[in-house]
file structure-v9.csv (CSV, C-alpha atoms)
chain,number,residue,atom,x,y,z
A,272,MET,CA,0.0,0.0,0.0
A,273,ALA,CA,1.2,3.5,-0.7
A,274,LYS,CA,2.8,5.6,2.0
A,275,PRO,CA,0.5,8.0,3.8
A,276,LEU,CA,0.7,11.7,3.0
A,277,LEU,CA,-0.1,12.3,6.7
A,278,GLU,CA,0.6,9.8,9.4
A,279,VAL,CA,-0.5,10.6,13.0
A,280,ARG,CA,0.4,8.4,15.9
A,281,GLY,CA,-0.4,8.8,19.6
A,282,LEU,CA,-1.5,12.5,19.3
A,283,LYS,CA,-2.4,14.0,22.7
A,284,THR,CA,-3.7,17.5,23.3
A,285,TYR,CA,-4.7,18.6,26.8
A,286,PHE,CA,-6.3,21.8,28.2
A,287,SER,CA,-5.7,23.2,31.7
A,288,THR,CA,-9.0,24.4,33.4
A,289,ASP,CA,-10.1,25.3,36.8
A,290,GLU,CA,-11.9,21.9,37.1
A,291,GLY,CA,-8.8,20.0,36.0
A,292,THR,CA,-7.0,18.8,32.9
A,293,VAL,CA,-9.3,18.2,29.8
A,294,LYS,CA,-7.9,15.4,27.7
A,295,ALA,CA,-9.5,16.6,24.5
A,296,VAL,CA,-7.3,14.4,22.2
A,297,ASP,CA,-6.0,11.4,24.0
A,298,GLY,CA,-3.9,9.2,21.7
A,299,VAL,CA,-5.2,9.6,18.1
A,300,ASP,CA,-3.9,7.5,15.3
A,301,ILE,CA,-4.9,8.3,11.7
A,302,ASP,CA,-3.4,8.0,8.2
A,303,ILE,CA,-4.4,10.2,5.2
A,304,TYR,CA,-3.3,9.2,1.7
A,305,LYS,CA,-2.6,11.3,-1.3
A,306,GLY,CA,-5.7,12.3,-3.3
A,307,GLU,CA,-8.3,10.8,-0.8
A,308,ILE,CA,-11.1,12.4,1.1
A,309,PHE,CA,-10.9,11.3,4.7
A,310,GLY,CA,-13.8,11.9,7.1
A,311,LEU,CA,-13.5,12.4,10.8
A,312,VAL,CA,-17.0,12.1,12.5
A,313,GLY,CA,-18.4,12.2,16.0
A,314,GLU,CA,-20.6,14.1,18.4
A,315,SER,CA,-19.9,17.7,19.3
A,316,GLY,CA,-17.1,17.9,21.9
A,317,CYS,CA,-15.4,14.6,21.0
A,318,GLY,CA,-12.1,16.3,19.9
A,319,LYS,CA,-12.4,16.5,16.1
A,320,SER,CA,-11.6,20.2,15.7
A,321,VAL,CA,-8.9,20.1,18.4
A,322,THR,CA,-7.3,17.2,16.4
A,323,ALA,CA,-7.2,19.5,13.3
A,324,LEU,CA,-5.7,22.4,15.2
A,325,SER,CA,-3.1,20.1,16.7
A,326,LEU,CA,-2.0,19.0,13.3
A,327,LEU,CA,-1.3,22.6,12.4
A,328,ARG,CA,0.1,23.4,15.9
A,329,VAL,CA,-2.3,26.3,16.4
A,330,VAL,CA,-3.9,25.1,19.6
A,331,PRO,CA,-4.4,28.2,21.8
A,332,SER,CA,-1.7,28.1,24.5
A,333,PRO,CA,-2.5,28.7,27.3
A,334,PRO,CA,-4.7,26.8,28.2
A,335,GLY,CA,-4.0,24.1,25.6
A,336,ARG,CA,-0.8,22.2,24.9
A,337,ILE,CA,0.2,19.2,22.7
A,338,VAL,CA,1.7,16.8,25.2
A,339,GLY,CA,2.6,13.9,22.9
A,340,GLY,CA,2.5,12.2,19.6
A,341,ARG,CA,4.0,12.1,16.1
A,342,VAL,CA,2.7,13.8,13.0
A,343,MET,CA,4.6,12.8,9.9
A,344,PHE,CA,4.0,14.9,6.8
A,345,GLU,CA,6.0,14.4,3.7
A,346,GLY,CA,8.7,12.7,5.7
A,347,ARG,CA,9.0,15.3,8.5
A,348,ASP,CA,7.6,15.2,12.0
A,349,LEU,CA,5.6,18.4,12.4
A,350,MET,CA,5.8,18.2,16.2
A,351,LYS,CA,9.6,18.5,16.1
A,352,ILE,CA,10.3,21.3,13.5
A,353,SER,CA,10.7,24.9,14.5
A,354,GLU,CA,7.8,27.4,14.5
A,355,LYS,CA,9.5,29.3,11.6
A,356,GLU,CA,9.5,26.0,9.5
A,357,MET,CA,5.9,25.4,10.6
A,358,ARG,CA,4.8,28.8,9.3
A,359,ARG,CA,6.1,27.8,5.8
A,360,ILE,CA,3.9,24.7,5.9
A,361,ARG,CA,0.7,26.3,7.1
A,362,GLY,CA,-1.2,27.7,4.1
A,363,ALA,CA,1.4,26.5,1.6
A,364,LYS,CA,1.3,22.8,2.3
A,365,ILE,CA,-1.6,22.3,4.7
A,366,SER,CA,-4.5,24.7,4.7
A,367,MET,CA,-7.6,24.7,7.0
A,368,ILE,CA,-11.1,26.0,6.3
A,369,PHE,CA,-12.6,26.9,9.7
A,370,GLN,CA,-16.2,26.3,10.9
A,371,ASP,CA,-17.4,30.0,10.8
A,372,PRO,CA,-16.5,32.0,7.7
A,373,HIS,CA,-18.1,35.1,9.3
A,374,SER,CA,-15.5,35.3,12.0
A,375,SER,CA,-12.6,34.1,9.8
A,376,LEU,CA,-12.8,36.9,7.2
A,377,ASN,CA,-11.7,40.4,8.3
A,378,PRO,CA,-14.7,42.8,7.7
A,379,VAL,CA,-12.5,45.8,7.0
A,380,PHE,CA,-10.5,44.4,4.1
A,381,ARG,CA,-11.7,43.5,0.6
A,382,ILE,CA,-12.0,39.8,-0.2
A,383,GLY,CA,-9.3,40.0,-2.9
A,384,GLU,CA,-6.9,41.7,-0.5
A,385,GLN,CA,-7.3,38.9,2.0
A,386,ILE,CA,-6.7,36.2,-0.6
A,387,ALA,CA,-3.7,38.2,-2.0
A,388,GLU,CA,-2.2,38.4,1.5
A,389,ALA,CA,-2.3,34.6,1.9
A,390,ILE,CA,-0.6,34.2,-1.5
A,391,GLN,CA,2.2,36.7,-0.7
A,392,LEU,CA,3.0,35.0,2.5
A,393,HIS,CA,4.1,31.9,0.6
A,394,GLN,CA,4.9,33.0,-2.9
A,395,ARG,CA,7.1,35.7,-4.4
A,396,VAL,CA,4.8,37.4,-6.8
A,397,ASP,CA,4.3,41.1,-7.8
A,398,LYS,CA,1.2,43.0,-7.0
A,399,LYS,CA,-0.3,42.6,-10.5
A,400,GLU,CA,0.2,38.9,-10.5
A,401,VAL,CA,-1.0,38.4,-7.0
A,402,LEU,CA,-4.3,40.1,-7.8
A,403,SER,CA,-4.7,37.9,-10.9
A,404,LYS,CA,-4.1,34.8,-8.8
A,405,ALA,CA,-6.7,36.0,-6.3
A,406,ALA,CA,-9.3,36.3,-9.0
A,407,GLU,CA,-8.3,32.8,-10.3
A,408,ALA,CA,-8.8,31.4,-6.8
A,409,LEU,CA,-12.3,32.9,-6.6
A,410,ASP,CA,-13.1,31.6,-10.1
A,411,LEU,CA,-11.9,28.1,-9.0
A,412,VAL,CA,-14.5,28.1,-6.2
A,413,ARG,CA,-17.2,29.3,-8.6
A,414,ILE,CA,-17.6,32.8,-7.4
A,415,PRO,CA,-19.4,34.7,-10.3
A,416,ASP,CA,-17.6,37.7,-11.7
A,417,PRO,CA,-14.4,37.1,-9.7
A,418,GLU,CA,-12.6,40.2,-11.1
A,419,ASP,CA,-15.4,42.4,-9.7
A,420,ARG,CA,-16.2,40.4,-6.6
A,421,MET,CA,-12.6,40.5,-5.3
A,422,TYR,CA,-13.0,44.2,-4.6
A,423,GLN,CA,-16.1,43.7,-2.4
A,424,TYR,CA,-16.1,43.4,1.4
A,425,PRO,CA,-17.3,40.3,3.3
A,426,HIS,CA,-20.6,41.9,4.3
A,427,GLN,CA,-21.4,42.0,0.6
A,428,PHE,CA,-21.2,38.2,0.3
A,429,SER,CA,-23.8,35.7,1.3
A,430,GLY,CA,-23.0,32.9,3.8
A,431,GLY,CA,-22.4,30.4,1.1
A,432,MET,CA,-20.2,32.8,-0.8
A,433,LYS,CA,-18.2,33.6,2.3
A,434,GLN,CA,-17.5,29.9,2.8
A,435,ARG,CA,-16.3,29.6,-0.8
A,436,ALA,CA,-14.2,32.8,-0.4
A,437,MET,CA,-12.5,31.1,2.6
A,438,MET,CA,-11.9,28.0,0.4
A,439,ALA,CA,-10.4,30.2,-2.3
A,440,MET,CA,-8.0,31.7,0.3
A,441,MET,CA,-6.9,28.3,1.5
A,442,LEU,CA,-6.5,26.9,-2.0
A,443,ALA,CA,-4.7,29.8,-3.5
A,444,CYS,CA,-1.3,28.2,-2.7
A,445,ASN,CA,-2.3,24.8,-4.0
A,446,PRO,CA,-1.8,22.9,-0.7
A,447,ALA,CA,-1.2,19.1,-0.6
A,448,LEU,CA,-3.7,18.7,2.3
A,449,LEU,CA,-6.9,20.7,2.9
A,450,ILE,CA,-8.6,20.4,6.3
A,451,ALA,CA,-12.3,21.3,6.1
A,452,ASP,CA,-13.8,21.8,9.6
A,453,GLU,CA,-17.6,21.5,9.3
A,454,PRO,CA,-17.7,23.4,5.9
A,455,THR,CA,-21.4,22.7,5.5
A,456,THR,CA,-22.7,23.6,9.0
A,457,ALA,CA,-23.4,27.3,8.5
A,458,VAL,CA,-25.2,27.1,5.1
A,459,ASP,CA,-28.5,25.8,3.8
A,460,VAL,CA,-29.0,22.4,2.2
A,461,THR,CA,-28.7,23.8,-1.4
A,462,ILE,CA,-25.3,25.4,-0.6
A,463,GLN,CA,-24.2,22.2,1.2
A,464,VAL,CA,-24.6,20.2,-2.0
A,465,GLN,CA,-22.6,22.9,-4.0
A,466,ILE,CA,-19.8,22.9,-1.4
A,467,LEU,CA,-19.5,19.1,-1.4
A,468,GLU,CA,-19.4,19.0,-5.2
A,469,LEU,CA,-16.8,21.8,-5.1
A,470,LEU,CA,-14.6,19.7,-2.7
A,471,ARG,CA,-14.8,16.8,-5.2
A,472,GLU,CA,-13.8,19.0,-8.1
A,473,LEU,CA,-10.9,20.5,-6.2
A,474,ARG,CA,-9.7,17.0,-5.3
A,475,ARG,CA,-9.9,16.1,-9.0
A,476,LYS,CA,-8.3,19.3,-10.4
A,477,GLN,CA,-5.6,19.9,-7.8
A,478,GLY,CA,-5.0,16.3,-6.6
A,479,ALA,CA,-5.2,17.5,-3.0
A,480,SER,CA,-6.0,15.3,-0.1
A,481,ILE,CA,-9.0,16.4,2.1
A,482,MET,CA,-9.6,15.8,5.7
A,483,LEU,CA,-13.3,16.5,6.3
A,484,ILE,CA,-14.5,17.1,9.9
A,485,THR,CA,-18.2,16.8,10.5
A,486,HIS,CA,-20.9,15.4,12.8
A,487,ASN,CA,-23.1,14.8,9.7
A,488,LEU,CA,-23.2,11.1,8.6
A,489,GLY,CA,-24.9,12.1,5.4
A,490,VAL,CA,-22.0,14.3,4.3
A,491,ILE,CA,-19.6,11.4,5.2
A,492,ALA,CA,-21.6,8.9,3.1
A,493,GLU,CA,-21.8,11.4,0.2
A,494,ILE,CA,-18.2,12.3,-0.3
A,495,CYS,CA,-15.6,10.4,1.8
A,496,ASP,CA,-13.4,7.5,0.8
A,497,ARG,CA,-12.5,6.5,4.3
A,498,VAL,CA,-13.7,7.5,7.7
A,499,ALA,CA,-12.7,7.5,11.4
A,500,VAL,CA,-15.2,7.6,14.2
A,501,MET,CA,-14.2,9.6,17.2
A,502,TYR,CA,-15.5,9.4,20.7
A,503,ALA,CA,-14.3,11.3,23.8
A,504,GLY,CA,-10.8,12.0,22.4
A,505,ASN,CA,-10.2,8.6,20.9
A,506,ILE,CA,-10.6,7.0,17.5
A,507,VAL,CA,-13.0,4.0,18.1
A,508,GLU,CA,-13.4,2.7,14.5
A,509,GLN,CA,-11.8,3.3,11.1
A,510,ALA,CA,-12.7,1.9,7.7
A,511,ASP,CA,-13.6,2.6,4.1
A,512,VAL,CA,-16.9,4.4,4.0
A,513,VAL,CA,-18.8,1.5,2.4
A,514,SER,CA,-17.7,-1.0,5.1
A,515,LEU,CA,-18.5,1.4,7.9
A,516,PHE,CA,-22.1,2.0,6.7
A,517,GLU,CA,-22.7,-1.7,5.7
A,518,LYS,CA,-20.8,-3.5,8.4
A,519,PRO,CA,-20.3,-1.2,11.4
A,520,LYS,CA,-18.5,-2.8,14.4
A,521,HIS,CA,-18.2,-0.5,17.4
A,522,PRO,CA,-21.3,-0.1,19.5
A,523,TYR,CA,-20.9,3.7,19.3
A,524,THR,CA,-20.8,3.6,15.5
A,525,LEU,CA,-23.9,1.4,15.5
A,526,ALA,CA,-25.7,3.8,17.8
A,527,LEU,CA,-24.6,6.8,15.7
A,528,LEU,CA,-25.8,5.2,12.5
A,529,GLY,CA,-29.1,4.5,14.3
A,530,THR,CA,-29.7,8.2,14.7
A,531,PHE,CA,-29.1,8.9,11.0
A,532,PRO,CA,-32.3,9.7,9.0
A,533,GLY,CA,-32.9,6.7,6.8
A,534,ALA,CA,-31.8,4.2,9.5
A,535,GLU,CA,-35.5,3.7,10.4
A,536,LYS,CA,-36.0,2.0,7.0
A,537,LYS,CA,-33.5,-0.8,8.1
A,538,ARG,CA,-34.1,-0.9,11.8
A,539,GLY,CA,-37.8,0.2,12.1
A,540,GLU,CA,-37.2,3.5,13.9
A,541,LEU,CA,-34.5,6.1,14.7
A,542,THR,CA,-32.7,5.4,18.0
A,543,VAL,CA,-31.4,7.6,20.8
A,544,ILE,CA,-28.0,7.1,22.3
A,545,PRO,CA,-28.6,6.9,26.1
A,546,GLY,CA,-26.7,8.9,28.6
A,547,PHE,CA,-24.4,11.9,28.0
A,548,VAL,CA,-21.0,12.6,26.5
A,549,PRO,CA,-18.6,11.9,29.3
A,550,SER,CA,-16.5,14.6,31.0
A,551,LEU,CA,-13.0,14.8,29.6
A,552,VAL,CA,-11.7,16.0,32.9
A,553,ALA,CA,-12.7,12.8,34.6
A,554,PRO,CA,-13.6,10.3,31.8
A,555,PRO,CA,-14.9,6.8,32.7
A,556,SER,CA,-12.3,4.2,33.4
A,557,GLY,CA,-11.6,1.6,30.8
A,558,CYS,CA,-13.6,2.1,27.6
A,559,LYS,CA,-15.0,5.6,27.7
A,560,PHE,CA,-18.2,4.4,26.0
A,561,HIS,CA,-19.0,1.7,28.5
A,562,PRO,CA,-21.6,3.8,30.6
A,563,ARG,CA,-23.7,4.2,27.4
A,564,CYS,CA,-23.0,0.8,25.8
A,565,PRO,CA,-25.6,-2.0,25.6
A,566,HIS,CA,-22.9,-4.7,25.3
A,567,GLY,CA,-20.8,-3.6,28.3
A,568,LYS,CA,-18.8,-6.3,30.2
A,569,PRO,CA,-16.9,-6.0,33.5
A,570,ILE,CA,-13.6,-5.7,31.6
A,571,CYS,CA,-15.0,-2.7,29.8
A,572,THR,CA,-14.9,-0.7,33.1
A,573,LYS,CA,-11.3,-1.6,33.8
A,574,GLU,CA,-9.3,-1.7,30.6
A,575,MET,CA,-9.1,0.5,27.5
A,576,PRO,CA,-9.5,-2.0,24.6
A,577,PRO,CA,-6.7,-2.0,21.9
A,578,MET,CA,-7.4,-1.1,18.3
A,579,VAL,CA,-7.6,-4.3,16.3
A,580,GLU,CA,-8.1,-5.1,12.7
A,581,VAL,CA,-11.4,-7.0,12.0
A,582,ASP,CA,-11.2,-6.9,8.3
A,583,GLU,CA,-8.6,-5.6,5.8
A,584,GLY,CA,-8.3,-1.9,6.5
A,585,HIS,CA,-11.2,-2.0,9.1
A,586,THR,CA,-10.1,-1.4,12.7
A,587,VAL,CA,-12.1,-1.1,15.9
A,588,ARG,CA,-11.4,-0.3,19.5
A,589,CYS,CA,-13.8,-2.6,21.5
A,590,HIS,CA,-13.5,-5.6,23.8
A,591,LEU,CA,-16.0,-7.5,21.7
A,592,TYR,CA,-13.3,-7.8,19.0
A,593,LYS,CA,-10.2,-8.1,21.3
A,594,GLY,CA,-9.0,-11.2,19.5
A,595,GLY,CA,-9.4,-9.7,16.0
A,596,LYS,CA,-12.0,-10.9,13.6
A,597,ARG,CA,-15.4,-11.8,15.1
call {"tool": "encode", "arguments": {"input": "structure-v9.csv", "output": "structure tokens"}}
result
Amino acid sequence: MAKPLLEVRGLKTYFSTDEGTVKAVDGVDIDIYKGEIFGLVGESGCGKSVTALSLLRVVPSPPGRIVGGRVMFEGRDLMKISEKEMRRIRGAKISMIFQDPHSSLNPVFRIGEQIAEAIQLHQRVDKKEVLSKAAEALDLVRIPDPEDRMYQYPHQFSGGMKQRAMMAMMLACNPALLIADEPTTAVDVTIQVQILELLRELRRKQGASIMLITHNLGVIAEICDRVAVMYAGNIVEQADVVSLFEKPKHPYTLALLGTFPGAEKKRGELTVIPGFVPSLVAPPSGCKFHPRCPHGKPICTKEMPPMVEVDEGHTVRCHLYKGGKR
């Protein structure tokens, strides 16, 4: 199998609070390959966005800190390089589209100026060329009349157009990896479809890998090649998207799929996951899902299960599969 573009092992990011240490990301392992769309899915608060911020080393400090792990990208461990070297990678090699385009765009600068600034940070181009590249970036994300629109301010853009303007800014330097954090959350259904189609087109045209963070299983099913399911700071299952939807293994994945509209056609009705997302200051011992799991055993309260391969490329962290295939 090809070598991953991004290889993450044992990533841990903690936050210091008055209540104690929040283990937001607690030993995450993922691989992302060249040209694929990789999904990271889970409930709000499970650590998806913090994982992405950790990869770019932009976790707010204090209170956050990356306490362990290895992040290999193009043969280099991003956790060991200097901040100066990391700045050369952010935007140029790895870009991130944040959840809220309204707060990510500066309201007092024109859209084109903000895209041009991102280009000039990483490329040596003159003013005329950089403006041309900014217009090209807006055209790439299907902003109509890009030569005119680039001189407008964010408040003159709709929510969907702001999201695409953010994408243009992140794609202007042709990154190898694009991290999209909930890119469809703040827009209506029609715009969601357009954004997903745009991500597919960008993958096809630029050959970029995409890490798509979402809580929406419909988005995962629609666009992703592989997917990792996250719960309380850990990856609990990882597989290609077809295997995950057709043969889910982890009880949390099964419960999550049961809440997805359309599940009632297979199971008779939508389900509700009992209980609450656990505190990451004092998480449950053993498997963090055991207080909500219908298949819990005594060992689940004592030991964190290892991640095991149950089928080729399909891994799960659950004592039901401790011996491998089941």
call {"tool": "closest_residue", "arguments": {"input": "structure-v9.csv", "among": "A:Gly318, A:Gly340, A:Pro275, A:Pro378", "to": "Gly306 (chain A)", "atoms": "only C-alpha atoms"}}
result
A:Pro275
call {"tool": "closest_residue", "arguments": {"input": "structure-v9.csv", "among": "A:His373, A:Arg395, A:Arg347, A:Arg563", "to": "Met437 (chain A)", "atoms": "all atoms listed in the file"}}
result
A:His373
call {"tool": "atom_distance", "arguments": {"input": "structure-v9.csv", "atom1": "CA of Val312 (chain A)", "atom2": "CA of Val299 (chain A)"}}
result
13.3 Å
call {"tool": "residues_near_point", "arguments": {"input": "structure-v9.csv", "point": "(-1.1, 22.6, 12.9)", "cutoff": "10 Å", "atoms": "only C-alpha atoms", "output": "PyMOL selection string"}}
result
chain A and resi 321-330+342+349-350+357-358+360-361+365-367
call {"tool": "atom_distance", "arguments": {"input": "structure-v9.csv", "atom1": "CA of Ile368 (chain A)", "atom2": "CA of Ile450 (chain A)"}}
result
6.1 Å
call {"tool": "closest_residue", "arguments": {"input": "structure-v9.csv", "among": "A:Thr455, A:Asn487, A:Thr284, A:Ser320", "to": "Gly430 (chain A)", "atoms": "only C-alpha atoms"}}
result
A:Thr455
call {"tool": "atom_distance", "arguments": {"input": "structure-v9.csv", "atom1": "CA of Val412 (chain A)", "atom2": "CA of His426 (chain A)"}}
result
18.4 Å
call {"tool": "closest_residue", "arguments": {"input": "structure-v9.csv", "among": "A:Gly584, A:Pro333, A:Pro576, A:Gly313", "to": "Ser514 (chain A)", "atoms": "only C-alpha atoms"}}
result
A:Gly584
call {"tool": "residues_around", "arguments": {"input": "structure-v9.csv", "residues": "Ala553 (chain A)", "least_positions_apart": "3", "cutoff": "9 Å", "atoms": "only C-alpha atoms", "output": "ChimeraX atom specification"}}
result
/A:291-294,549-550,556
call {"tool": "residues_around", "arguments": {"input": "structure-v9.csv", "residues": "Ala387 (chain A)", "least_positions_apart": "3", "cutoff": "7 Å", "atoms": "all atoms listed in the file", "output": "number ranges by chain"}}
result
A: 383-384, 390-391, 401-402, 405
call {"tool": "closest_residue", "arguments": {"input": "structure-v9.csv", "among": "A:Lys593, A:Arg381, A:Arg280, A:Arg435", "to": "Asp348 (chain A)", "atoms": "all atoms listed in the file"}}
result
A:Arg280
